[in-house]
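K.L.:
Next up is a structure, given as structure tokens.
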There are 2 protein chains.
Amino acid sequence: MEGSTNTGKSPPQDVSHYFSRTTNRRAPSRVKAFYKYFQIPGIQNLAGGMPFSSYFPFDTLEAGVALPNRFKPTPNDPVDPPNARAHKKGPEAAHLLVPHDSAEKDVLHKIDLSTALQYGTAQGYPSLYSFVRGFVQINMHPNIPYEGGAEVILTCGSTDGFSKILECFTNIWDEERDWIRDREGVLCEEFAYMNAIQTAAPRGLNVVTVKIDDEGMLAHGPGGLADVLDNWDVYRGKRPHIIYTVTMGQNPTSGLLSVKRRKEIYAICQKYDVLIAEDDPYWFLQFPSANELSLKARGHAVSENHPLEPYNYNTASGGKSSGYEFLDSLVPSYLSIDVDGRVIRMDTFSKCVAPGARLGWLTAQPKVVETIQRITETSTQQPSGFVQSVIAELLAGPSDTADDPGKGGSKDGSGWKVDGWVRWLEGLRGNYERRMQTMASALEEGRYLVRQSTNSEGFEEVSKTQIYDFNYPMAGMFLWLRCHFDTHPLYTEPHLVGAHNFTGPDLSRAFWLFQTKPKYRVLAAPGQMFAPSPAVSEESAWQYFRLCFAAVDEAIVKSSSENFVESARDFWKLDAKQVQELLDELAAPAPPSEAEAMAMSQAQYAINPTLC
Amino acid sequence: MEGSTNTGKSPPQDVSHYFSRTTNRRAPSRVKAFYKYFQIPGIQNLAGGMPFSSYFPFDTLEAGVALPNRFKPTPNDPVDPPNARAHKKGPEAAHLLVPHDSAEKDVLHKIDLSTALQYGTAQGYPSLYSFVRGFVQINMHPNIPYEGGAEVILTCGSTDGFSKILECFTNIWDEERDWIRDREGVLCEEFAYMNAIQTAAPRGLNVVTVKIDDEGMLAHGPGGLADVLDNWDVYRGKRPHIIYTVTMGQNPTSGLLSVKRRKEIYAICQKYDVLIAEDDPYWFLQFPSANELSLKARGHAVSENHPLEPYNYNTASGGKSSGYEFLDSLVPSYLSIDVDGRVIRMDTFSKCVAPGARLGWLTAQPKVVETIQRITETSTQQPSGFVQSVIAELLAGPSDTADDPGKGGSKDGSGWKVDGWVRWLEGLRGNYERRMQTMASALEEGRYLVRQSTNSEGFEEVSKTQIYDFNYPMAGMFLWLRCHFDTHPLYTEPHLVGAHNFTGPDLSRAFWLFQTKPKYRVLAAPGQMFAPSPAVSEESAWQYFRLCFAAVDEAIVKSSSENFVESARDFWKLDAKQVQELLDELAAPAPPSEAEAMAMSQAQYAINPTLC
């Protein structure tokens, strides 16, 4: 890019030494040399193999959609989510229309079915690609430190995105065929989103866990990133060259990684030439009120993130503003410090539009994005034009300079634009933040069990036992709750187990089942679901439960949190026979993985739709 | 399955010995053991990590859609495709609506945004999955010969489907790392759809071509399947264990493989334990009139397929009828003779709904489908709920037994059902068949060049030179045209090339460019685009052009076919200087691949939307 050296930035580093064998065999695109023939005025194209677009059975695509201000942001009075159907014709709704044909000449603004439902480009439907690219470069990450900035490519959601990242950067390894020295590895948090791990594991990659604290991955200290890489044992394989990390509302721990920690981790990645695959579905779900609530209830904040005074993360570091107070207030991505171009970031519309959209995007240095585009051409090709055109019309809206019969997601028929999109994210954050507050407040009450007992001298004593603990979630959709099974009267160390007491893991399994009993009817996700390795599972995972405050009705968030408290109180009072009965009832060998939990929650609705 | 042995069929064979290393490392699903906990009445699910469905910004999804009878089937009077917009409110159109919530209890009939836009199951959105599965098992393939029949799983289109088949059944091979004896291979037609080949090639697979005739792959004879497998040279790698084949309207040759040939090829696959990946996007685009036209114009039919008398392929082989005359009249899939369960079939909505849908399905024995489901869970997860719900509503329609505010694609608000879907396919076949007739008739006229010349004795002579040839396409979207460059006055054998004559490949390149000149403005796809190997490219591919009659307006099909004829006539009259000028103009080193052609045709619309 001419003149771009004037920015004083350096270009991103070449990361092609990490390209997989498959990636290296992908032929570079020779398209550009042929552009000129397609540009011949009036050329009759008999070369392409496309069906005729007037033969598509869809004349228009339409939708009843929310206005961006449907939900109230925080801080504000709590607002119940309006019933979507009741508001269909109400002030918070608009009617969106993707026409069959738009006369718009500029392909970056054209949204119609003739083009959206035809074969498309792997980077994404131009109008949507263009909107996302602008939002990413100007608003989300205004301060990417390498020359020219990052590029984007649309994905079929972040599971698809991560699968392509692994395809691009890792080689399949097999014990029978390969030397152990060639085994590649992926680093991840000690507790992790298991679907990502299950994408990596079949490739034969070492899945290497890094210790975490309440924020997320530890840079230094025992088990931290530096420790793992410094002391890498080559007899396990190659030193891992890529991190999979969820840094904002980490799944399952809800950790929110501070800028300071990001810098420490990034420096270690530079030292060992490690790539960072940042999966960030909950970026806009950061909850400053967690600090206030924690301070009020416990006298200390959750973390140094989100100081009580409004804070601008972009300008505080000397960078450009995003143009929006809300976005400036969010802890920024690893991209904001990515001088080398070693970050590949995954975003998704799953949490801010709908998971069923199967739509997201990757952001990385241009050469990486181009490589992912080659992979996309021979796999998914592009996200469905149905979702791409509808989201494009919702956000970018029809062109107002052309004969364009489209209607966007705003009241006046224009698109939401960036203003509306940011407002929508703020409102959504508000709704989820209030749910977080509801759950955390209900659970705050029940952390201690007050018990009367008789001491050795025959006196009645009142003791206060902590039965569980948690941090107020600073981001995401989950509350990560740690049970103090060692305070359970029947708890014992494994080597002391007898007929009338139990190990922590056994108590945990019994407690999980106990919660589902008619009096409580709560289904929690056991911590072991999120243990990437058997070691983590045995060592500590059994102490945890992940409680999601996002999926169910707000009223149920409260009642089910209260039921959980009740079940914990009651469980601590069970006798050995009752615990043993629960264990006997549990036929299943191990708690299911996250992917399976997801399948299960589907199985659930397949079996009983009213539960969904 | 109890009692299923009464069918007298054998179960499909185990094909897991071909599972890739990655496939073998995928953990089996442990979901079923946990179903019971999700079934607990009133359970409050805090385990799943899903967003709240009332927070999706979509209240309804709607569409103006065609009625199934929009187009007239063949045989019938030609009908111009109606302008889609003009007919939006006309009799051939209906208004489809996917509601936010349906009260339908049966998940196999429920279609609403609450479920479609939520995380879903990898096999597909239940109502759509259920429709497709029924259509596949009852109507498309009523006579699958193994016990229990085939299963289906939805894909993000057939490129995605084939990518998953390769992931399931092939191992990545690399010269640096692996023994040549471990190199796996995929068999394909001598001319092939290159996007599929480009999916296979980066995995390091041997791409092994099999000779074809007008029908498709040869079973016997030199270069045929038996020859290739019998004489496999182990120094090239393992004997290939999977065929990629397009058997109906083969891309690019338009071949339609007869049942007889299918049986011959299947027997060879049994002998060598070869899997068959059948890619069949043009299944419903079979053109019986090709035989009639060929008979009329040339005195012989194209092939033994589609005898002139109406023929029922299902009952003729002693099987069950599909229930539809149209479907019974179509040459059936390899699945109809798949006693072993070695066929994995790819279907797509790309050609019968729209390519941008990125929606299709795989059909295979249940164990293979289950394995593909595991792969899907860690990559695409599922096709977009936007397209799944709209297509579900179009075809399956709302439930009429429940409080379901949905509206399907029929006039009365019900779905098209199988009747409507088959009628739509018939109408679409009609439109494309008429285009085929238009193009073939225009080209028929110009096959011979009548030239006057002076013989050695000074007499004027009239000679009739064949400049090109083709078969009337029996299926698909293409006409595969072979130029007789050896009749060109400037043609010579490579070893005789001088200053005033040219080799066939050079004439071909010059001719391709010549067609794009202002007088003709035709863009054809050069045969070399479809050559899976350099050998095929050098040997014969340069003689061919693929002409697509599907993508452009019907009027243009005629005019551009005529322009092609005109350009051919004129090209045969060029002098050496003119041909040399064309060759000089061609800077590009080689014709682009099919994938690139697709990207190009996108580039084209990116540059000039009016051309699309």
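All residue names refer to the structure tokens as shown: chains lettered A, B, ... in order, residues numbered from 1 in each chain, ligands numbered from 1 in order.
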Kindly provide, as a PyMOL selection string, the residues of chain B having any atom no farther than 6 Å from an atom of chain A, counting only C-alpha atoms.

P.N.:
chain B and resi 22+25-26+31+38+43-47+50-52+56-66+84+107+117-119+159-160+163+199+202-203+353-358+378-380+384-387+521-525+547-548+550-551+596+604+606

K.L.:
Which residues, written as JSON, numbers by chain, have at least one atom at most 9 Å from range 335-346 of chain B, with only C-alpha atoms counted and residues fewer than 2 positions away on the same chain left out?

P.N.:
{"B": [9, 10, 11, 12, 13, 14, 15, 141, 142, 143, 144, 145, 146, 147, 150, 155, 157, 158, 161, 162, 165, 259, 262, 263, 266, 269, 270, 273, 274, 275, 276, 277, 278, 279, 280, 281, 314, 332, 333, 348, 360, 361, 362, 363, 364, 365, 368, 369]}

K.L.:
With a distance cut-off of 10 Å and only C-alpha atoms, select the neighbouring residues of Val234 in chain A, excluding the residue or stretch itself and same-chain residues fewer than 5 positions from it, and output the selection as a ChimeraX atom specification.

P.N.:
/A:180-183,239

K.L.:
Just list as a PyMOL selection string whatever in range 375-465 of chain A DSSP marks as strand (DSSP E).

P.N.:
chain A and resi 448-454+460-465

K.L.:
Could you write out the selected residues, including C-alpha atoms, as a tab-separated table (two decimals), in the first residue's frame?

P.N.:
```tsv
chain	number	residue	atom	x	y	z
A	448	TYR	CA	-22.94	-19.94	54.19
A	449	LEU	CA	-24.75	-22.61	56.09
A	450	VAL	CA	-25.45	-21.84	59.68
A	451	ARG	CA	-25.46	-25.02	61.69
A	452	GLN	CA	-26.01	-25.86	65.27
A	453	SER	CA	-23.84	-28.57	66.71
A	454	THR	CA	-22.79	-29.88	70.04
A	460	GLU	CA	-24.39	-26.12	71.71
A	461	GLU	CA	-22.45	-24.14	69.13
A	462	VAL	CA	-23.51	-22.16	66.12
A	463	SER	CA	-21.08	-22.56	63.23
A	464	LYS	CA	-21.03	-20.76	59.90
A	465	THR	CA	-19.84	-22.99	57.10
```

K.L.:
Please compute the CA of Gly216 in chain B-CA of Lys320 in chain B distance, one decimal, in Å.

P.N.:
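Rounded to one decimal, the two atoms are 26.4 Å apart.
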
K.L.:
Just list as an mmCIF file with N, CA, C and O atoms, in the first residue's frame whatever in range 344-464 of chain A DSSP marks as helix (DSSP H, G or I).

P.N.:
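As written to disk, result25.cif reads:
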```cif
data_model
loop_
_atom_site.group_PDB
_atom_site.id
_atom_site.type_symbol
_atom_site.label_atom_id
_atom_site.label_comp_id
_atom_site.auth_asym_id
_atom_site.auth_seq_id
_atom_site.Cartn_x
_atom_site.Cartn_y
_atom_site.Cartn_z
ATOM 1 N N PRO A 355 -27.784 -17.929 17.618
ATOM 2 C CA PRO A 355 -26.829 -19.003 17.318
ATOM 3 C C PRO A 355 -27.166 -19.735 16.018
ATOM 4 O O PRO A 355 -26.271 -20.148 15.285
ATOM 5 N N GLY A 356 -28.464 -19.882 15.763
ATOM 6 C CA GLY A 356 -28.890 -20.582 14.568
ATOM 7 C C GLY A 356 -28.531 -19.856 13.285
ATOM 8 O O GLY A 356 -28.640 -20.420 12.202
ATOM 9 N N ALA A 357 -28.117 -18.595 13.406
ATOM 10 C CA ALA A 357 -27.665 -17.876 12.215
ATOM 11 C C ALA A 357 -26.480 -18.587 11.586
ATOM 12 O O ALA A 357 -26.319 -18.599 10.378
ATOM 13 N N PRO A 366 -3.962 -9.700 6.731
ATOM 14 C CA PRO A 366 -4.512 -10.063 5.417
ATOM 15 C C PRO A 366 -4.043 -11.414 4.871
ATOM 16 O O PRO A 366 -4.842 -12.157 4.302
ATOM 17 N N LYS A 367 -2.785 -11.756 5.053
ATOM 18 C CA LYS A 367 -2.303 -13.002 4.453
ATOM 19 C C LYS A 367 -2.979 -14.221 5.093
ATOM 20 O O LYS A 367 -3.249 -15.212 4.414
ATOM 21 N N VAL A 368 -3.231 -14.149 6.378
ATOM 22 C CA VAL A 368 -3.927 -15.248 7.058
ATOM 23 C C VAL A 368 -5.370 -15.340 6.559
ATOM 24 O O VAL A 368 -5.879 -16.419 6.270
ATOM 25 N N VAL A 369 -6.002 -14.197 6.438
ATOM 26 C CA VAL A 369 -7.389 -14.186 5.968
ATOM 27 C C VAL A 369 -7.483 -14.750 4.557
ATOM 28 O O VAL A 369 -8.393 -15.523 4.228
ATOM 29 N N GLU A 370 -6.522 -14.406 3.714
ATOM 30 C CA GLU A 370 -6.527 -14.926 2.344
ATOM 31 C C GLU A 370 -6.401 -16.454 2.352
ATOM 32 O O GLU A 370 -7.031 -17.148 1.550
ATOM 33 N N THR A 371 -5.586 -16.948 3.253
ATOM 34 C CA THR A 371 -5.400 -18.397 3.342
ATOM 35 C C THR A 371 -6.677 -19.084 3.810
ATOM 36 O O THR A 371 -7.067 -20.132 3.293
ATOM 37 N N ILE A 372 -7.329 -18.492 4.768
ATOM 38 C CA ILE A 372 -8.609 -19.043 5.246
ATOM 39 C C ILE A 372 -9.641 -19.005 4.119
ATOM 40 O O ILE A 372 -10.495 -19.888 3.995
ATOM 41 N N GLN A 373 -9.536 -17.992 3.281
ATOM 42 C CA GLN A 373 -10.454 -17.902 2.145
ATOM 43 C C GLN A 373 -10.267 -19.087 1.202
ATOM 44 O O GLN A 373 -11.253 -19.651 0.708
ATOM 45 N N ARG A 374 -9.021 -19.508 0.966
ATOM 46 C CA ARG A 374 -8.770 -20.691 0.127
ATOM 47 C C ARG A 374 -9.424 -21.921 0.751
ATOM 48 O O ARG A 374 -10.019 -22.740 0.059
ATOM 49 N N ILE A 375 -9.304 -22.043 2.065
ATOM 50 C CA ILE A 375 -9.905 -23.182 2.764
ATOM 51 C C ILE A 375 -11.425 -23.132 2.624
ATOM 52 O O ILE A 375 -12.088 -24.140 2.398
ATOM 53 N N THR A 376 -11.977 -21.944 2.737
ATOM 54 C CA THR A 376 -13.424 -21.765 2.645
ATOM 55 C C THR A 376 -13.947 -22.160 1.264
ATOM 56 O O THR A 376 -15.020 -22.762 1.143
ATOM 57 N N GLU A 377 -13.176 -21.859 0.241
ATOM 58 C CA GLU A 377 -13.622 -22.151 -1.129
ATOM 59 C C GLU A 377 -13.870 -23.643 -1.358
ATOM 60 O O GLU A 377 -14.690 -24.018 -2.178
ATOM 61 N N GLY A 385 -26.751 -17.504 1.882
ATOM 62 C CA GLY A 385 -27.201 -16.206 1.406
ATOM 63 C C GLY A 385 -28.490 -15.752 2.068
ATOM 64 O O GLY A 385 -28.787 -14.556 2.109
ATOM 65 N N PHE A 386 -29.265 -16.698 2.598
ATOM 66 C CA PHE A 386 -30.484 -16.321 3.313
ATOM 67 C C PHE A 386 -30.126 -15.497 4.546
ATOM 68 O O PHE A 386 -30.664 -14.431 4.775
ATOM 69 N N VAL A 387 -29.209 -15.998 5.335
ATOM 70 C CA VAL A 387 -28.853 -15.254 6.544
ATOM 71 C C VAL A 387 -28.018 -14.035 6.191
ATOM 72 O O VAL A 387 -28.212 -12.963 6.764
ATOM 73 N N GLN A 388 -27.147 -14.157 5.213
ATOM 74 C CA GLN A 388 -26.297 -13.011 4.876
ATOM 75 C C GLN A 388 -27.116 -11.826 4.382
ATOM 76 O O GLN A 388 -26.868 -10.686 4.750
ATOM 77 N N SER A 389 -28.113 -12.097 3.528
ATOM 78 C CA SER A 389 -28.878 -10.984 2.974
ATOM 79 C C SER A 389 -29.783 -10.350 4.024
ATOM 80 O O SER A 389 -29.950 -9.123 4.056
ATOM 81 N N VAL A 390 -30.345 -11.180 4.894
ATOM 82 C CA VAL A 390 -31.242 -10.639 5.914
ATOM 83 C C VAL A 390 -30.453 -9.794 6.933
ATOM 84 O O VAL A 390 -30.881 -8.710 7.317
ATOM 85 N N ILE A 391 -29.311 -10.298 7.340
ATOM 86 C CA ILE A 391 -28.497 -9.526 8.289
ATOM 87 C C ILE A 391 -27.942 -8.270 7.603
ATOM 88 O O ILE A 391 -27.864 -7.203 8.216
ATOM 89 N N ALA A 392 -27.599 -8.387 6.335
ATOM 90 C CA ALA A 392 -27.121 -7.213 5.598
ATOM 91 C C ALA A 392 -28.206 -6.148 5.535
ATOM 92 O O ALA A 392 -27.955 -4.962 5.785
ATOM 93 N N GLU A 393 -29.421 -6.567 5.220
ATOM 94 C CA GLU A 393 -30.524 -5.606 5.124
ATOM 95 C C GLU A 393 -30.818 -5.010 6.508
ATOM 96 O O GLU A 393 -31.056 -3.808 6.635
ATOM 97 N N LEU A 394 -30.791 -5.850 7.541
ATOM 98 C CA LEU A 394 -31.030 -5.364 8.901
ATOM 99 C C LEU A 394 -30.038 -4.267 9.267
ATOM 100 O O LEU A 394 -30.415 -3.217 9.766
ATOM 101 N N LEU A 395 -28.760 -4.528 9.014
ATOM 102 C CA LEU A 395 -27.707 -3.635 9.496
ATOM 103 C C LEU A 395 -27.351 -2.539 8.495
ATOM 104 O O LEU A 395 -27.294 -1.365 8.845
ATOM 105 N N LYS A 417 -27.592 0.546 10.702
ATOM 106 C CA LYS A 417 -26.265 1.187 10.632
ATOM 107 C C LYS A 417 -25.493 0.902 11.924
ATOM 108 O O LYS A 417 -25.989 0.214 12.817
ATOM 109 N N VAL A 418 -24.295 1.452 11.998
ATOM 110 C CA VAL A 418 -23.455 1.173 13.161
ATOM 111 C C VAL A 418 -24.092 1.725 14.435
ATOM 112 O O VAL A 418 -24.071 1.080 15.485
ATOM 113 N N ASP A 419 -24.711 2.901 14.332
ATOM 114 C CA ASP A 419 -25.387 3.476 15.501
ATOM 115 C C ASP A 419 -26.401 2.497 16.094
ATOM 116 O O ASP A 419 -26.433 2.263 17.306
ATOM 117 N N GLY A 420 -27.246 1.978 15.231
ATOM 118 C CA GLY A 420 -28.285 1.066 15.700
ATOM 119 C C GLY A 420 -27.706 -0.231 16.230
ATOM 120 O O GLY A 420 -28.169 -0.776 17.236
ATOM 121 N N TRP A 421 -26.695 -0.706 15.561
ATOM 122 C CA TRP A 421 -26.059 -1.964 15.971
ATOM 123 C C TRP A 421 -25.438 -1.830 17.366
ATOM 124 O O TRP A 421 -25.633 -2.689 18.234
ATOM 125 N N VAL A 422 -24.753 -0.726 17.598
ATOM 126 C CA VAL A 422 -24.145 -0.504 18.911
ATOM 127 C C VAL A 422 -25.238 -0.350 19.969
ATOM 128 O O VAL A 422 -25.141 -0.901 21.072
ATOM 129 N N ARG A 423 -26.316 0.358 19.604
ATOM 130 C CA ARG A 423 -27.427 0.530 20.549
ATOM 131 C C ARG A 423 -28.054 -0.824 20.899
ATOM 132 O O ARG A 423 -28.405 -1.095 22.041
ATOM 133 N N TRP A 424 -28.176 -1.682 19.881
ATOM 134 C CA TRP A 424 -28.717 -3.030 20.115
ATOM 135 C C TRP A 424 -27.823 -3.805 21.082
ATOM 136 O O TRP A 424 -28.310 -4.439 22.032
ATOM 137 N N LEU A 425 -26.534 -3.721 20.866
ATOM 138 C CA LEU A 425 -25.597 -4.442 21.732
ATOM 139 C C LEU A 425 -25.674 -3.918 23.165
ATOM 140 O O LEU A 425 -25.623 -4.692 24.124
ATOM 141 N N GLU A 426 -25.832 -2.612 23.299
ATOM 142 C CA GLU A 426 -25.964 -2.023 24.636
ATOM 143 C C GLU A 426 -27.211 -2.532 25.352
ATOM 144 O O GLU A 426 -27.183 -2.834 26.539
ATOM 145 N N GLY A 427 -28.320 -2.590 24.583
ATOM 146 C CA GLY A 427 -29.574 -3.060 25.173
ATOM 147 C C GLY A 427 -29.488 -4.518 25.593
ATOM 148 O O GLY A 427 -29.954 -4.920 26.660
ATOM 149 N N LEU A 428 -28.836 -5.281 24.739
ATOM 150 C CA LEU A 428 -28.683 -6.700 25.017
ATOM 151 C C LEU A 428 -27.786 -6.890 26.248
ATOM 152 O O LEU A 428 -28.066 -7.722 27.121
ATOM 153 N N ARG A 429 -26.735 -6.134 26.296
ATOM 154 C CA ARG A 429 -25.849 -6.176 27.466
ATOM 155 C C ARG A 429 -26.667 -5.874 28.720
ATOM 156 O O ARG A 429 -26.542 -6.536 29.755
ATOM 157 N N GLY A 430 -27.532 -4.862 28.595
ATOM 158 C CA GLY A 430 -28.367 -4.501 29.735
ATOM 159 C C GLY A 430 -29.197 -5.683 30.219
ATOM 160 O O GLY A 430 -29.227 -5.998 31.418
ATOM 161 N N ASN A 431 -29.862 -6.337 29.303
ATOM 162 C CA ASN A 431 -30.715 -7.461 29.699
ATOM 163 C C ASN A 431 -29.914 -8.588 30.354
ATOM 164 O O ASN A 431 -30.329 -9.141 31.368
ATOM 165 N N TYR A 432 -28.790 -8.911 29.769
ATOM 166 C CA TYR A 432 -27.997 -10.002 30.346
ATOM 167 C C TYR A 432 -27.336 -9.573 31.662
ATOM 168 O O TYR A 432 -27.169 -10.380 32.570
ATOM 169 N N GLU A 433 -26.985 -8.323 31.744
ATOM 170 C CA GLU A 433 -26.360 -7.855 32.985
ATOM 171 C C GLU A 433 -27.346 -7.947 34.151
ATOM 172 O O GLU A 433 -26.998 -8.344 35.259
ATOM 173 N N ARG A 434 -28.611 -7.601 33.887
ATOM 174 C CA ARG A 434 -29.607 -7.695 34.948
ATOM 175 C C ARG A 434 -29.842 -9.144 35.374
ATOM 176 O O ARG A 434 -30.051 -9.443 36.543
ATOM 177 N N ARG A 435 -29.778 -10.059 34.411
ATOM 178 C CA ARG A 435 -29.899 -11.475 34.752
ATOM 179 C C ARG A 435 -28.731 -11.919 35.637
ATOM 180 O O ARG A 435 -28.901 -12.679 36.585
ATOM 181 N N MET A 436 -27.559 -11.438 35.264
ATOM 182 C CA MET A 436 -26.383 -11.772 36.071
ATOM 183 C C MET A 436 -26.589 -11.303 37.513
ATOM 184 O O MET A 436 -26.331 -12.029 38.478
ATOM 185 N N GLN A 437 -27.096 -10.069 37.623
ATOM 186 C CA GLN A 437 -27.322 -9.516 38.956
ATOM 187 C C GLN A 437 -28.342 -10.354 39.731
ATOM 188 O O GLN A 437 -28.164 -10.624 40.924
ATOM 189 N N THR A 438 -29.378 -10.761 39.027
ATOM 190 C CA THR A 438 -30.425 -11.565 39.674
ATOM 191 C C THR A 438 -29.850 -12.870 40.221
ATOM 192 O O THR A 438 -30.074 -13.239 41.381
ATOM 193 N N MET A 439 -29.098 -13.564 39.371
ATOM 194 C CA MET A 439 -28.558 -14.846 39.799
ATOM 195 C C MET A 439 -27.537 -14.678 40.919
ATOM 196 O O MET A 439 -27.588 -15.374 41.940
ATOM 197 N N ALA A 440 -26.639 -13.719 40.725
ATOM 198 C CA ALA A 440 -25.564 -13.545 41.705
ATOM 199 C C ALA A 440 -26.131 -13.132 43.064
ATOM 200 O O ALA A 440 -25.686 -13.610 44.115
ATOM 201 N N SER A 441 -27.141 -12.272 43.044
ATOM 202 C CA SER A 441 -27.722 -11.827 44.306
ATOM 203 C C SER A 441 -28.387 -12.979 45.033
ATOM 204 O O SER A 441 -28.270 -13.118 46.257
ATOM 205 N N ALA A 442 -29.108 -13.804 44.270
ATOM 206 C CA ALA A 442 -29.775 -14.949 44.894
ATOM 207 C C ALA A 442 -28.744 -15.912 45.492
ATOM 208 O O ALA A 442 -28.948 -16.467 46.579
ATOM 209 N N LEU A 443 -27.661 -16.086 44.784
ATOM 210 C CA LEU A 443 -26.647 -17.030 45.274
ATOM 211 C C LEU A 443 -25.815 -16.449 46.409
ATOM 212 O O LEU A 443 -25.308 -17.178 47.257
ATOM 213 N N GLU A 444 -25.682 -15.120 46.421
ATOM 214 C CA GLU A 444 -24.899 -14.455 47.464
ATOM 215 C C GLU A 444 -25.433 -14.843 48.850
ATOM 216 O O GLU A 444 -24.671 -15.155 49.760
ATOM 217 N N GLU A 445 -26.753 -14.853 48.935
ATOM 218 C CA GLU A 445 -27.425 -15.132 50.209
ATOM 219 C C GLU A 445 -27.055 -16.491 50.797
ATOM 220 O O GLU A 445 -27.001 -16.658 52.009
#
```

K.L.:
For Cys168 in chain A, which residue out of A:Tyr18, A:Tyr334, A:Tyr324, A:Trp542 is the nearest one, using only C-alpha atoms?

P.N.:
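Checking each candidate against Cys168 in chain A, we get A:Tyr18 as the closest.
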
K.L.:
Compile the contact shell of range 293-305 of chain B as a list in words: residues with an atom at most 7 Å away, counting only C-alpha atoms, same-chain residues fewer than 6 positions apart removed.

P.N.:
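With the cut-off at 7 Å, the set is Ser258, Asn471 and Tyr472 of chain B.
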